[in-house]
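Worksheet for the structure shown next.
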Amino acid sequence: MVEQIEILATELGPVKAALLATLFTWLMTALGASIVFFFKTVNRAFFDSMLGFTGGVMIAASFWSLLNPSLEYAKDIYPVFPWAPVAGGFLLGGLFIFGLDKLLPHLHINFQKNETEGLPTTWHKSTLLLLAITLHNIPEGLAIGILFGAAAQGLDGTTIAAAVALAIGIGVQNIPEGMAVSMPLRRNGASRFKAFWYGQLSAIVEPMAGVLGAFAVLYMKNVLPYALSFAAGAMIFVVVEEVIPETQRDKYTDLATLGFMLGFVVMMILDVSLG
């Protein structure tokens, strides 16, 4: 199955393959959001475990799929200081999300309305929740697109299979992200369709970011170490600043931590075995 997907992605080219892969991750978000058609609430222990799983996948993907191949490639084109472009791109990625975090009004999943971050606003809580998950999805889409572009350039340590593995891993962890938007809305009285609509809408940025990332590295090969580490830095910032705090707001911190470890292992296995 994976081999067939790899052949198809190769035939499509990196940009179209990135678009197809990020459309898949968007659909997985919609799948998670669709739970509102069947349930009005989700067990908090399960929810925190799934959020922890999301963080584990993102951290593992940041190293195995992005930082490691970035460093390997930097050794070839920057032999004196191969760590420099990797460190620089990593910090820039974190600063990029930091800037968005300070500018874009948003509300973390388990936080109260008075804990809204970003510029002051009177926007509804549902909009703020949507924007918080959207922030998660920008670096995820970039990572997939950049990796498909890097594989097309023949970068050591990156393959189409590795990009497919990353898309699968991010797709799986997008299921609880869709739930994270739709379930609170449903619990607060929104209609099933409205809750679903907002849930799936949070991932609409992934195809856009994926295509942008693939285009960037396809036509600017020397930026590959920066681009890969930029995506990694952005994802790690999201995990540490948003995902982990969201799992530590209740009594299920141990379950969230175990979920994190499971997500890390699943993504590591996907990347190593398929990539």
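Going through the structure tokens in order, the chains are called A, B, and so on, while each chain numbers its residues from 1 and the ligands are numbered from 1 in the order shown.
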
Inset, instruction - Name all residues at most 12 Å from region 209-221 of chain A (count only C-alpha atoms; drop same-chain ones fewer than 4 positions away) and give them as a PyMOL selection string. - result: chain A and resi 13-26+70+73-74+77+134-155+163+167+203-205+225-228+230-231

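Using only C-alpha atoms, the residues found no farther than 9 Å from region 33-35 of chain A, other than those of its own chain fewer than 4 positions away, are Met28, Thr29, Phe39, Lys40, Ile175, Pro176, Glu177, Gly178, Met179, Ala180, Val181, Ser182, Met183, Arg192, Phe193, Ala195, Phe196, Trp197, Tyr198, Gly199 and Gln200 of chain A.
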
How would the residues just picked look written out with N, CA and C atoms as a JSON list (two decimals), in the first residue's frame?
```json
[["chain", "number", "residue", "atom", "x", "y", "z"],
["A", 28, "MET", "N", -8.51, 14.08, 7.78],
["A", 28, "MET", "CA", -8.39, 13.43, 9.08],
["A", 28, "MET", "C", -8.86, 14.37, 10.20],
["A", 29, "THR", "N", -8.60, 15.65, 10.03],
["A", 29, "THR", "CA", -9.13, 16.63, 10.99],
["A", 29, "THR", "C", -10.66, 16.63, 10.95],
["A", 39, "PHE", "N", -21.61, 12.18, 19.53],
["A", 39, "PHE", "CA", -21.46, 12.42, 20.96],
["A", 39, "PHE", "C", -21.47, 13.93, 21.23],
["A", 40, "LYS", "N", -21.91, 14.29, 22.42],
["A", 40, "LYS", "CA", -21.88, 15.70, 22.83],
["A", 40, "LYS", "C", -20.69, 16.01, 23.71],
["A", 175, "ILE", "N", -6.71, 13.93, 14.14],
["A", 175, "ILE", "CA", -8.03, 13.49, 14.59],
["A", 175, "ILE", "C", -8.39, 14.13, 15.93],
["A", 176, "PRO", "N", -7.52, 14.04, 16.95],
["A", 176, "PRO", "CA", -7.87, 14.73, 18.21],
["A", 176, "PRO", "C", -7.89, 16.24, 18.07],
["A", 177, "GLU", "N", -7.15, 16.82, 17.12],
["A", 177, "GLU", "CA", -7.20, 18.27, 16.94],
["A", 177, "GLU", "C", -8.56, 18.70, 16.42],
["A", 178, "GLY", "N", -9.14, 17.90, 15.51],
["A", 178, "GLY", "CA", -10.50, 18.19, 15.06],
["A", 178, "GLY", "C", -11.50, 18.10, 16.20],
["A", 179, "MET", "N", -11.32, 17.07, 17.04],
["A", 179, "MET", "CA", -12.18, 16.92, 18.21],
["A", 179, "MET", "C", -12.02, 18.10, 19.16],
["A", 180, "ALA", "N", -10.77, 18.61, 19.26],
["A", 180, "ALA", "CA", -10.47, 19.66, 20.22],
["A", 180, "ALA", "C", -11.21, 20.96, 19.93],
["A", 181, "VAL", "N", -11.58, 21.17, 18.67],
["A", 181, "VAL", "CA", -12.36, 22.35, 18.33],
["A", 181, "VAL", "C", -13.86, 22.05, 18.40],
["A", 182, "SER", "N", -14.25, 20.95, 17.79],
["A", 182, "SER", "CA", -15.69, 20.68, 17.65],
["A", 182, "SER", "C", -16.38, 20.31, 18.96],
["A", 183, "MET", "N", -15.72, 19.52, 19.81],
["A", 183, "MET", "CA", -16.39, 19.06, 21.03],
["A", 183, "MET", "C", -16.69, 20.18, 22.02],
["A", 192, "ARG", "N", -24.70, 20.63, 15.83],
["A", 192, "ARG", "CA", -23.74, 19.62, 15.39],
["A", 192, "ARG", "C", -22.99, 20.07, 14.13],
["A", 193, "PHE", "N", -23.73, 20.63, 13.17],
["A", 193, "PHE", "CA", -23.09, 21.03, 11.91],
["A", 193, "PHE", "C", -22.12, 22.19, 12.13],
["A", 195, "ALA", "N", -20.50, 22.96, 14.89],
["A", 195, "ALA", "CA", -19.33, 22.46, 15.61],
["A", 195, "ALA", "C", -18.41, 21.69, 14.66],
["A", 196, "PHE", "N", -19.00, 20.87, 13.80],
["A", 196, "PHE", "CA", -18.20, 20.14, 12.81],
["A", 196, "PHE", "C", -17.52, 21.10, 11.84],
["A", 197, "TRP", "N", -18.25, 22.09, 11.37],
["A", 197, "TRP", "CA", -17.72, 23.03, 10.38],
["A", 197, "TRP", "C", -16.47, 23.75, 10.92],
["A", 198, "TYR", "N", -16.56, 24.25, 12.14],
["A", 198, "TYR", "CA", -15.42, 24.93, 12.73],
["A", 198, "TYR", "C", -14.26, 23.96, 12.96],
["A", 199, "GLY", "N", -14.57, 22.73, 13.35],
["A", 199, "GLY", "CA", -13.53, 21.74, 13.60],
["A", 199, "GLY", "C", -12.70, 21.44, 12.37],
["A", 200, "GLN", "N", -13.37, 21.16, 11.26],
["A", 200, "GLN", "CA", -12.63, 20.84, 10.04],
["A", 200, "GLN", "C", -11.95, 22.07, 9.44]]
```

Inset, instruction - Going by DSSP on the backbone, which bits of region 42-196 of chain A are alpha helix (DSSP H)? Write them as a ChimeraX atom specification, please. - result: /A:44-60,68-77,83-103,125-152,160-187,192-196

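The coordinates place CA of Pro184 (chain A) at 18.4 Å from CA of Lys251 (chain A).
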
Inset, instruction - Using only C-alpha atoms, determine which residues lie at most 9 Å from Thr54 (chain A), disregarding the query and same-chain residues fewer than 2 positions distant; provide the list as an MDAnalysis selection string. - result: chainID A and resid 49:52 56:59 170 172:174 176:177 239 243 259:260 263:264

Residues from the last selection, N, CA and C atoms, saved as a CSV table (one decimal), in the first residue's frame:
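Written output follows (selection-v3.csv):
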```
chain,number,residue,atom,x,y,z
A,49,SER,N,-5.3,12.4,26.9
A,49,SER,CA,-4.3,11.4,26.4
A,49,SER,C,-4.1,11.6,24.9
A,50,MET,N,-5.2,12.0,24.2
A,50,MET,CA,-5.0,12.2,22.7
A,50,MET,C,-4.2,13.5,22.4
A,51,LEU,N,-4.4,14.5,23.3
A,51,LEU,CA,-3.6,15.7,23.1
A,51,LEU,C,-2.2,15.4,23.4
A,52,GLY,N,-1.9,14.6,24.4
A,52,GLY,CA,-0.5,14.2,24.6
A,52,GLY,C,0.1,13.4,23.4
A,56,GLY,N,3.5,14.2,21.2
A,56,GLY,CA,4.5,13.2,20.9
A,56,GLY,C,4.8,13.0,19.4
A,57,VAL,N,3.8,13.0,18.6
A,57,VAL,CA,3.9,12.8,17.2
A,57,VAL,C,4.7,14.0,16.6
A,58,MET,N,4.3,15.2,17.1
A,58,MET,CA,5.0,16.4,16.6
A,58,MET,C,6.4,16.5,16.9
A,59,ILE,N,6.8,16.1,18.2
A,59,ILE,CA,8.2,16.2,18.6
A,59,ILE,C,9.0,15.1,17.8
A,170,ILE,N,1.0,12.9,11.0
A,170,ILE,CA,0.3,14.1,11.3
A,170,ILE,C,-1.2,13.9,11.0
A,172,VAL,N,-2.9,11.2,11.6
A,172,VAL,CA,-3.4,10.5,12.8
A,172,VAL,C,-3.6,11.5,14.0
A,173,GLN,N,-2.6,12.3,14.2
A,173,GLN,CA,-2.7,13.2,15.3
A,173,GLN,C,-3.7,14.4,15.0
A,174,ASN,N,-4.1,14.6,13.8
A,174,ASN,CA,-5.1,15.6,13.5
A,174,ASN,C,-6.5,15.2,13.9
A,176,PRO,N,-7.5,14.0,17.0
A,176,PRO,CA,-7.9,14.7,18.2
A,176,PRO,C,-7.9,16.2,18.1
A,177,GLU,N,-7.1,16.8,17.1
A,177,GLU,CA,-7.2,18.3,16.9
A,177,GLU,C,-8.6,18.7,16.4
A,239,VAL,N,4.2,22.7,20.4
A,239,VAL,CA,4.1,21.7,21.4
A,239,VAL,C,4.4,22.2,22.8
A,243,VAL,N,0.5,22.8,23.3
A,243,VAL,CA,-0.1,21.4,23.5
A,243,VAL,C,0.2,20.9,24.9
A,259,GLY,N,0.4,9.3,26.8
A,259,GLY,CA,-0.1,9.5,25.4
A,259,GLY,C,1.0,10.2,24.6
A,260,PHE,N,1.7,11.1,25.2
A,260,PHE,CA,2.8,11.8,24.5
A,260,PHE,C,3.9,10.8,24.1
A,263,GLY,N,2.7,8.6,21.2
A,263,GLY,CA,2.7,9.3,20.0
A,263,GLY,C,4.1,9.4,19.4
A,264,PHE,N,5.1,9.7,20.3
A,264,PHE,CA,6.5,9.8,19.9
A,264,PHE,C,7.0,8.5,19.3
```

Inset, instruction - Rank nothing, just name the residue among A:Ala232, A:Leu67, A:Met261, A:Val266 nearest to Leu92 (chain A), using only C-alpha atoms. - result: A:Ala232

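Distances from A:Leu224, A:Gly233, A:Leu255, A:Ile168 to Leu71 (chain A) were compared using only C-alpha atoms, and the smallest one belongs to A:Leu224.
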
Legend entry - Residue with smallest distance to Ser273 (chain A) - pool A:Asn43, A:Thr127, A:Gln4, A:Thr159, counting only C-alpha atoms: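 Among A:Asn43, A:Thr127, A:Gln4, A:Thr159, it is A:Thr159 that comes nearest to Ser273 (chain A).
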
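CA of Ala234 (chain A) to CA of Leu12 (chain A) spans 27.4 Å [interatomic distance, one decimal].
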